[in-house]
$ cat entry_19.csv   # CSV, C-alpha atoms and all ligand atoms
chain,number,residue,atom,x,y,z
H,1,MET,CA,-8.0,-34.9,-8.6
H,2,ALA,CA,-8.4,-32.9,-11.8
H,3,ASP,CA,-5.8,-30.4,-13.0
H,4,GLN,CA,-6.5,-26.8,-11.9
H,5,ILE,CA,-7.1,-24.5,-14.9
H,6,PHE,CA,-5.3,-21.1,-14.8
H,7,HIS,CA,-5.8,-18.2,-17.3
H,8,VAL,CA,-2.7,-16.1,-17.0
H,9,PHE,CA,-2.1,-12.8,-18.7
H,10,ARG,CA,0.9,-12.9,-21.1
H,11,GLY,CA,2.1,-9.8,-22.8
H,12,ASP,CA,3.5,-6.3,-22.4
H,13,ALA,CA,2.6,-2.7,-22.8
H,14,LYS,CA,2.0,-3.3,-26.5
H,15,GLY,CA,-0.7,-5.9,-25.9
H,16,GLY,CA,-1.3,-9.4,-24.7
H,17,ASP,CA,-3.9,-12.0,-23.9
H,18,LEU,CA,-4.8,-14.7,-21.4
H,19,LYS,CA,-3.1,-18.1,-21.9
H,20,GLU,CA,-4.5,-21.3,-20.4
H,21,TYR,CA,-2.4,-23.7,-18.3
H,22,ALA,CA,-3.5,-26.9,-16.6
H,23,VAL,CA,-1.6,-27.3,-13.3
H,24,PRO,CA,-1.6,-30.6,-11.4
H,25,PRO,CA,-3.0,-30.3,-7.9
H,26,MET,CA,-0.6,-29.9,-5.0
H,27,GLU,CA,-1.5,-30.0,-1.3
H,28,GLY,CA,-1.9,-26.5,0.1
H,29,MET,CA,-1.1,-24.9,-3.3
H,30,VAL,CA,-1.2,-21.1,-3.5
H,31,VAL,CA,-1.5,-19.2,-6.7
H,32,LEU,CA,2.2,-18.4,-6.6
H,33,ASP,CA,3.0,-22.2,-6.5
H,34,ALA,CA,1.0,-22.5,-9.7
H,35,MET,CA,3.0,-19.7,-11.4
H,36,HIS,CA,6.2,-21.4,-10.4
H,37,HIS,CA,4.9,-24.7,-11.8
H,38,ILE,CA,4.1,-23.0,-15.1
H,39,GLN,CA,7.6,-21.5,-15.2
H,40,ALA,CA,9.3,-24.8,-14.4
H,41,HIS,CA,7.2,-27.1,-16.7
H,42,PHE,CA,5.5,-25.1,-19.4
H,43,ASP,CA,7.1,-21.7,-20.1
H,44,SER,CA,10.2,-20.3,-18.3
H,45,THR,CA,9.6,-16.9,-19.8
H,46,LEU,CA,6.6,-16.1,-17.6
H,47,ALA,CA,7.5,-13.0,-15.7
H,48,CYS,CA,6.3,-12.9,-12.2
H,49,ARG,CA,7.7,-11.0,-9.2
H,50,TRP,CA,8.0,-12.6,-5.8
H,51,ASN,CA,10.5,-12.8,-2.9
H,52,CYS,CA,9.4,-14.1,0.5
H,53,LYS,CA,6.4,-16.4,-0.3
H,54,ALA,CA,5.3,-15.5,3.2
H,55,ALA,CA,3.0,-12.5,2.6
H,56,LYS,CA,5.7,-10.2,4.0
H,57,CYS,CA,7.7,-8.6,1.1
H,58,GLY,CA,4.7,-7.3,-0.9
H,59,SER,CA,6.2,-8.3,-4.3
H,60,CYS,CA,3.7,-10.8,-5.6
H,61,SER,CA,0.6,-8.6,-6.0
H,62,ALA,CA,-1.7,-9.5,-8.8
H,63,GLU,CA,-5.4,-9.4,-9.7
H,64,ILE,CA,-6.8,-12.9,-9.1
H,65,ASN,CA,-10.3,-13.4,-10.5
H,66,GLY,CA,-10.5,-9.6,-10.6
H,67,LYS,CA,-9.6,-9.0,-7.0
H,68,PRO,CA,-6.2,-7.5,-6.0
H,69,ARG,CA,-4.4,-10.1,-3.8
H,70,LEU,CA,-1.0,-11.5,-2.9
H,71,MET,CA,-0.4,-14.6,-5.0
H,72,CYS,CA,1.5,-16.2,-2.1
H,73,LYS,CA,-1.4,-15.8,0.3
H,74,THR,CA,-4.2,-16.9,-2.1
H,75,ARG,CA,-5.0,-20.6,-1.7
H,76,VAL,CA,-6.1,-22.4,-4.8
H,77,ASP,CA,-8.6,-24.6,-2.9
H,78,ASP,CA,-10.6,-21.5,-2.0
H,79,PHE,CA,-11.8,-21.4,-5.6
H,80,HIS,CA,-13.2,-25.0,-5.4
H,81,GLY,CA,-11.9,-26.1,-8.8
H,82,ALA,CA,-13.2,-23.2,-10.8
H,83,PRO,CA,-10.8,-21.7,-13.3
H,84,ILE,CA,-8.5,-19.0,-11.9
H,85,THR,CA,-7.6,-15.9,-13.8
H,86,VAL,CA,-4.4,-14.1,-12.9
H,87,ARG,CA,-3.6,-10.6,-14.3
H,88,PRO,CA,-1.1,-7.9,-13.3
H,89,ILE,CA,-2.2,-5.1,-11.1
H,90,LYS,CA,-3.8,-2.6,-13.4
H,91,VAL,CA,-3.0,0.8,-11.9
H,92,PHE,CA,0.8,0.8,-12.8
H,93,PRO,CA,2.4,0.6,-16.2
H,94,LEU,CA,2.8,-3.0,-17.4
H,95,LEU,CA,6.3,-4.3,-17.9
H,96,LYS,CA,5.7,-7.9,-18.8
H,97,ASP,CA,3.1,-10.6,-18.0
H,98,LEU,CA,2.4,-10.2,-14.2
H,99,VAL,CA,5.1,-7.6,-13.6
H,100,THR,CA,4.3,-3.8,-13.4
H,101,ASP,CA,6.5,-0.8,-12.9
H,102,VAL,CA,5.8,0.5,-9.4
H,103,SER,CA,8.7,3.0,-9.4
H,104,TRP,CA,6.2,6.0,-9.1
H,105,ASN,CA,5.6,4.8,-5.5
H,106,TYR,CA,9.3,5.1,-4.6
H,107,ARG,CA,9.4,8.6,-6.1
H,108,VAL,CA,6.5,9.6,-4.0
H,109,ASN,CA,8.2,8.2,-0.9
H,110,LYS,CA,11.1,10.5,-1.4
H,111,GLU,CA,8.9,13.5,-1.4
H,112,ILE,CA,7.7,12.8,2.1
H,113,PRO,CA,10.0,14.5,4.8
H,114,PRO,CA,11.4,11.6,6.9
H,115,PHE,CA,11.1,11.1,10.7
H,116,THR,CA,12.8,14.1,12.4
H,117,PRO,CA,13.2,14.0,16.2
H,118,SER,CA,14.2,17.0,18.2
H,119,ALA,CA,17.9,17.7,18.8
H,120,GLU,CA,17.4,16.7,22.4
H,121,ASP,CA,15.7,13.4,21.5
H,122,ALA,CA,18.3,12.7,18.9
H,123,ARG,CA,21.0,12.9,21.6
H,124,SER,CA,19.1,10.9,24.1
H,125,LYS,CA,19.7,7.1,24.5
H,126,GLU,CA,16.2,6.4,25.8
H,127,TRP,CA,12.8,7.5,24.4
H,128,ARG,CA,9.7,7.1,26.4
H,129,MET,CA,6.4,6.7,24.6
H,130,THR,CA,3.0,5.6,25.9
H,131,PRO,CA,1.8,2.1,25.0
H,132,LEU,CA,-1.2,3.7,23.2
H,133,ASP,CA,1.2,5.7,20.9
H,134,VAL,CA,3.3,2.6,20.2
H,135,GLU,CA,0.2,0.5,19.4
H,136,ARG,CA,-1.1,3.2,17.0
H,137,LEU,CA,2.2,3.4,15.1
H,138,PHE,CA,2.6,-0.3,15.1
H,139,GLU,CA,-0.5,-0.7,12.9
H,140,PHE,CA,0.9,1.6,10.3
H,141,ARG,CA,4.4,0.0,10.4
H,142,LYS,CA,2.8,-3.3,9.4
H,143,CYS,CA,2.5,-2.1,5.8
H,144,ILE,CA,4.5,-4.4,3.4
H,145,GLU,CA,4.3,-2.0,0.4
H,146,CYS,CA,2.3,-4.5,-1.7
H,147,PHE,CA,0.5,-1.5,-3.3
H,148,LEU,CA,-2.8,-3.5,-3.5
H,149,CYS,CA,-4.5,-0.5,-1.9
H,150,GLN,CA,-3.0,1.8,-4.6
H,151,ASP,CA,-4.4,-0.6,-7.2
H,152,VAL,CA,-8.0,-0.2,-6.0
H,153,CYS,CA,-8.0,3.4,-5.2
H,154,HIS,CA,-10.3,4.9,-7.8
H,155,VAL,CA,-8.4,8.3,-7.8
H,156,LEU,CA,-5.3,6.5,-9.1
H,157,ARG,CA,-7.1,3.7,-11.0
H,158,GLU,CA,-10.1,5.2,-12.7
H,159,HIS,CA,-9.0,8.9,-12.8
H,160,HIS,CA,-5.3,8.2,-13.4
H,161,GLY,CA,-4.6,10.7,-10.6
H,162,THR,CA,-0.9,9.9,-9.8
H,163,ASP,CA,-0.2,13.6,-10.4
H,164,ARG,CA,-2.8,14.6,-7.8
H,165,TYR,CA,-2.9,12.1,-5.0
H,166,TYR,CA,-0.2,10.0,-3.3
H,167,GLY,CA,-2.7,7.2,-2.6
H,168,PRO,CA,-3.6,5.2,0.5
H,169,ARG,CA,-0.2,3.6,1.0
H,170,PHE,CA,1.4,7.0,1.5
H,171,MET,CA,-1.4,8.3,3.7
H,172,VAL,CA,-0.4,5.3,5.9
H,173,ARG,CA,3.2,6.3,5.8
H,174,ILE,CA,2.5,10.0,6.5
H,175,ALA,CA,0.2,9.0,9.4
H,176,ALA,CA,3.0,6.9,10.9
H,177,LEU,CA,5.2,10.1,10.9
H,178,GLU,CA,2.5,12.6,11.9
H,179,MET,CA,1.3,10.6,14.8
H,180,HIS,CA,4.8,9.7,16.1
H,181,PRO,CA,5.1,11.6,19.4
H,182,LYS,CA,8.9,12.1,18.8
H,183,ASP,CA,8.6,13.5,15.3
H,184,THR,CA,8.8,17.4,15.1
H,185,LEU,CA,7.6,18.1,11.6
H,186,THR,CA,4.1,18.9,10.3
H,187,ARG,CA,3.2,17.5,6.9
H,188,THR,CA,-0.3,18.9,6.5
H,189,ASP,CA,0.9,21.5,3.9
H,190,LEU,CA,2.1,18.5,1.8
H,191,LEU,CA,-1.1,16.6,2.4
H,192,ALA,CA,-3.3,19.6,1.3
H,193,GLY,CA,-1.0,20.3,-1.7
H,194,LYS,CA,0.9,17.6,-3.6
H,195,GLY,CA,-0.3,14.8,-1.4
H,196,GLY,CA,-3.9,15.5,-2.5
H,197,ILE,CA,-5.6,14.1,0.6
H,198,GLY,CA,-8.8,16.1,-0.4
H,199,TYR,CA,-9.3,13.7,-3.4
H,200,CYS,CA,-9.9,10.7,-1.1
H,201,ASN,CA,-13.7,10.3,-0.5
H,202,ILE,CA,-13.3,7.6,2.1
H,203,THR,CA,-15.0,4.8,0.2
H,204,LYS,CA,-12.7,2.3,2.0
H,205,CYS,CA,-11.9,0.1,-1.0
H,206,CYS,CA,-8.3,0.4,0.0
H,207,GLU,CA,-9.0,-1.1,3.5
H,208,GLU,CA,-10.9,-4.0,2.0
H,209,VAL,CA,-7.8,-5.3,0.1
H,210,CYS,CA,-5.1,-4.6,2.6
H,211,PRO,CA,-3.4,-8.0,3.5
H,212,GLU,CA,-2.2,-6.6,6.8
H,213,SER,CA,-5.7,-5.4,7.8
H,214,ILE,CA,-4.6,-1.9,8.3
H,215,HIS,CA,-7.5,0.4,8.9
H,216,ILE,CA,-6.3,2.8,6.3
H,217,THR,CA,-9.2,5.2,6.2
H,218,ASP,CA,-10.4,5.1,9.8
H,219,ASN,CA,-7.0,5.2,11.5
H,220,ALA,CA,-4.8,7.0,8.9
H,221,ILE,CA,-6.8,9.1,6.3
H,222,ILE,CA,-9.6,10.4,8.5
H,223,PRO,CA,-7.3,11.7,11.3
H,224,LEU,CA,-5.0,13.2,8.6
H,225,LYS,CA,-7.9,14.9,6.9
H,226,GLU,CA,-8.9,16.4,10.3
H,227,ARG,CA,-5.4,17.6,11.0
H,228,THR,CA,-5.1,19.1,7.6
H,229,ALA,CA,-8.4,20.9,7.9
H,230,ASP,CA,-7.4,22.2,11.4
H,231,ASP,CA,-4.2,23.6,10.1
H,232,HIS,CA,-5.7,25.2,7.0
H,233,PHE,CA,-9.0,26.5,8.3
H,234,ASP,CA,-8.4,27.1,12.1
H,235,PRO,CA,-6.7,30.5,12.4
H,236,TRP,CA,-5.3,29.6,15.9
H,237,ARG,CA,-3.6,26.5,14.7
H,238,ALA,CA,-2.3,28.4,11.7
H,239,LEU,CA,-0.7,30.9,14.1
H,240,LEU,CA,0.7,28.2,16.3
H,241,ARG,CA,2.2,26.6,13.2
H,242,ALA,CA,3.7,29.9,12.0
H,243,PHE,CA,5.3,30.9,15.3
H,244,GLY,CA,5.7,27.7,17.2
H,245,GLY,CA,8.5,25.3,16.7
H,246,ARG,CA,7.3,21.9,17.8
H,247,LYS,CA,4.1,20.1,16.8
H,248,GLU,CA,1.4,20.6,19.3
H,249,PRO,CA,-0.3,17.4,20.7
H,250,ARG,CA,-3.5,16.3,19.0
H,251,GLY,CA,-6.4,14.3,20.0
H,252,THR,CA,-6.5,12.3,16.7
A,1,LIG,S1,-10.8,5.5,0.7
A,1,LIG,FE1,-9.6,7.1,-0.3
A,1,LIG,S2,-7.6,6.2,-0.5
A,1,LIG,FE2,-9.0,4.5,-0.1
A,1,LIG,S3,-9.6,3.8,-2.1
A,1,LIG,FE3,-11.1,5.3,-1.5
A,1,LIG,S4,-10.4,7.2,-2.4
A,1,LIG,FE4,-8.6,5.8,-2.4
A,2,LIG,S1,-1.4,-0.3,3.4
A,2,LIG,FE1,-1.9,-2.5,3.1
A,2,LIG,S2,-2.6,-2.7,1.0
A,2,LIG,FE2,-1.5,-0.7,1.2
A,2,LIG,S3,0.6,-1.2,0.6
A,2,LIG,FE3,0.5,-1.3,2.8
A,2,LIG,S4,0.0,-3.5,3.3
A,2,LIG,FE4,-0.4,-3.1,1.1
A,3,LIG,S1,6.1,-13.3,-2.2
A,3,LIG,FE1,6.4,-11.9,-0.6
A,3,LIG,S2,4.4,-11.1,-0.3
A,3,LIG,FE2,4.1,-12.7,-1.7
$ encode --input "entry_19.csv" --output "C-alpha cells" --more "lines below"
Ligand code: SF4
Ligand code: SF4
Ligand code: FES
Amino acid sequence: MADQIFHVFRGDAKGGDLKEYAVPPMEGMVVLDAMHHIQAHFDSTLACRWNCKAAKCGSCSAEINGKPRLMCKTRVDDFHGAPITVRPIKVFPLLKDLVTDVSWNYRVNKEIPPFTPSAEDARSKEWRMTPLDVERLFEFRKCIECFLCQDVCHVLREHHGTDRYYGPRFMVRIAALEMHPKDTLTRTDLLAGKGGIGYCNITKCCEEVCPESIHITDNAIIPLKERTADDHFDPWRALLRAFGGRKEPRGT
C-alpha cells in the first residue's frame, strides 16, 4: 500500500505553512497516529496536543480537510488515499503548529456560578430525581470540552465575538446547571448579558461537529433562550424572581 500523504500546518502566530509528510500505512491508523509517526520519525518538534487517544479528553481537536474533528477519532482510511490536510483550530490564538491557546474558555467557565443546592439538600445524604431529569442532564454532562463547537460557531469564528458570546460549549454547561432540579440559582441574567445568548441564531453548525452528539441547540440553547425571554419579558416571572427564593419549575 502507498504511503499516506499529510499536509500539516507548521508555524506560530507570526506565520507558517503546510509541510508535506509521507506516512507509511498502518492498520486502523487515525490522524493522531500519523502525527505521532511524524514526531517519531521525521520531526520531533511538531507540536500536537493529545492525552487519552480515546475521544474522551477533548485535547486533540484540529481541522482535518477543513472540518473540525478529533484527530484520535478520525480514521485515515475514511479518506480513501487522498491527501489529508491537518491545521489547528482557527478560532483560538495559535501557539505552535497544531496547538492553540484555549485559556479563554477556562476564564469563561469561572464566570458561570457553579451548582448550588439548597441548604436542606446540601445536608441530605440522598437526593431523589426523576429518570427524565437524570437523562436530560446526562446528555449535557457528556461534553468533553474539545471546543470543536466553539471553533465552528460563527459568532466566535467570523465575528471574533469572544467579548459578546460565551459560545455553544458554555450554553451546554449553563443548561446542565439551569435544568438541574437540585440547583437553586437562576442564570438568565448572565445569559442575557455577558453570556450573549441573543447572538446565537440557531444555525446548528455546533451540533454538526460535536463528537458526543449533544443536541446543543435543540436541547440546550433553545430552552435557555426561552427561559431567558420568560425572565426578561414576562412580568409575572420577573416578579417571582424578584421576590421568590427558589427557581420555579419549568416545562423546558
Ligand atoms: S447555533 Fe448558535 S451556538 Fe451553534 S454555531 Fe450557530 S450561532 Fe453558534
Ligand atoms: S459540546 Fe460537543 S463539541 Fe462542544 S465542547 Fe462539548 S463535546 Fe465538544
Ligand atoms: S486524545 Fe483525547 S480526545 Fe483525542
$ residues_around --input "entry_19.csv" --residues "range 19-34 of chain H" --least-positions-apart "6" --cutoff "12 Å" --atoms "all atoms listed in the file" --output "MDAnalysis selection string"
chainID H and resid 1:11 40:43 46:55 59:65 69:87 97:98
$ closest_residue --input "entry_19.csv" --among "H:Val102, H:Ala13, H:Cys205, H:Leu224" --to "ligand LIG 1 (chain A)" --atoms "all atoms listed in the file"
H:Cys205
$ residues_near_ligand --input "entry_19.csv" --ligand "ligand LIG 1 (chain A)" --cutoff "6 Å" --atoms "all atoms listed in the file" --output "list in words"
Val152, Cys153, His154, Val155, Gly167, Pro168, Cys200, Asn201, Ile202, Thr203, Lys204, Cys205, Cys206 and Thr217 of chain H
$ residues_near_ligand --input "entry_19.csv" --ligand "ligand LIG 2 (chain A)" --cutoff "8 Å" --atoms "all atoms listed in the file" --output "PyMOL selection string"
chain H and resi 58+140+142-150+168-169+172+206-207+209-214+216
$ atom_distance --input "entry_19.csv" --atom1 "CA of Thr228 in chain H" --atom2 "CA of Asp189 in chain H"
7.4 Å
$ atom_distance --input "entry_19.csv" --atom1 "CA of Leu18 in chain H" --atom2 "CA of Pro93 in chain H"
17.7 Å
$ atom_distance --input "entry_19.csv" --atom1 "CA of Ala119 in chain H" --atom2 "CA of His180 in chain H"
15.6 Å
$ residues_around --input "entry_19.csv" --residues "Ala175 in chain H" --least-positions-apart "4" --cutoff "9 Å" --atoms "all atoms listed in the file" --output "list in words"
Leu137, Phe140, Phe170, Met171, Met179, His180, Asn219, Ala220, Ile221, Pro223 and Leu224 of chain H
$ residues_near_point --input "entry_19.csv" --point "(5.8, 7.1, -11.9)" --cutoff "9 Å" --atoms "only C-alpha atoms" --output "count of residues only"
12
$ build_atoms --input "entry_19.csv" --residues "range 34-52 of chain H" --atoms "N, CA and C atoms" --output "short mmCIF file (atom, residue, chain, number, x, y, z; two decimals), in the frame of the given file"
data_model
loop_
_atom_site.label_atom_id
_atom_site.label_comp_id
_atom_site.auth_asym_id
_atom_site.auth_seq_id
_atom_site.Cartn_x
_atom_site.Cartn_y
_atom_site.Cartn_z
N ALA H 34 1.48 -22.19 -8.38
CA ALA H 34 1.00 -22.50 -9.70
C ALA H 34 1.87 -21.75 -10.76
N MET H 35 2.17 -20.47 -10.47
CA MET H 35 3.00 -19.70 -11.40
C MET H 35 4.38 -20.31 -11.51
N HIS H 36 4.90 -20.77 -10.38
CA HIS H 36 6.20 -21.40 -10.40
C HIS H 36 6.17 -22.73 -11.19
N HIS H 37 5.06 -23.46 -11.08
CA HIS H 37 4.90 -24.70 -11.80
C HIS H 37 4.90 -24.41 -13.34
N ILE H 38 4.19 -23.35 -13.69
CA ILE H 38 4.10 -23.00 -15.10
C ILE H 38 5.54 -22.60 -15.61
N GLN H 39 6.28 -21.84 -14.79
CA GLN H 39 7.60 -21.50 -15.20
C GLN H 39 8.54 -22.70 -15.33
N ALA H 40 8.38 -23.64 -14.40
CA ALA H 40 9.30 -24.80 -14.40
C ALA H 40 8.91 -25.84 -15.46
N HIS H 41 7.63 -25.96 -15.81
CA HIS H 41 7.20 -27.10 -16.70
C HIS H 41 6.65 -26.66 -18.04
N PHE H 42 6.12 -25.43 -18.14
CA PHE H 42 5.50 -25.10 -19.40
C PHE H 42 6.16 -23.91 -20.12
N ASP H 43 6.54 -22.86 -19.38
CA ASP H 43 7.10 -21.70 -20.10
C ASP H 43 7.96 -20.89 -19.09
N SER H 44 9.26 -21.02 -19.23
CA SER H 44 10.20 -20.30 -18.30
C SER H 44 10.20 -18.82 -18.50
N THR H 45 9.57 -18.34 -19.57
CA THR H 45 9.60 -16.90 -19.80
C THR H 45 8.49 -16.13 -19.09
N LEU H 46 7.62 -16.83 -18.38
CA LEU H 46 6.60 -16.10 -17.60
C LEU H 46 7.20 -15.21 -16.60
N ALA H 47 6.91 -13.92 -16.69
CA ALA H 47 7.50 -13.00 -15.70
C ALA H 47 6.54 -12.77 -14.56
N CYS H 48 7.08 -12.97 -13.37
CA CYS H 48 6.30 -12.90 -12.20
C CYS H 48 7.17 -12.54 -11.01
N ARG H 49 6.77 -11.50 -10.25
CA ARG H 49 7.70 -11.00 -9.20
C ARG H 49 7.27 -11.61 -7.85
N TRP H 50 8.24 -12.04 -7.10
CA TRP H 50 8.00 -12.60 -5.80
C TRP H 50 9.30 -12.55 -5.00
N ASN H 51 9.22 -12.78 -3.72
CA ASN H 51 10.50 -12.80 -2.90
C ASN H 51 10.35 -13.66 -1.70
N CYS H 52 9.37 -13.40 -0.82
CA CYS H 52 9.40 -14.10 0.50
C CYS H 52 8.50 -15.35 0.51
#
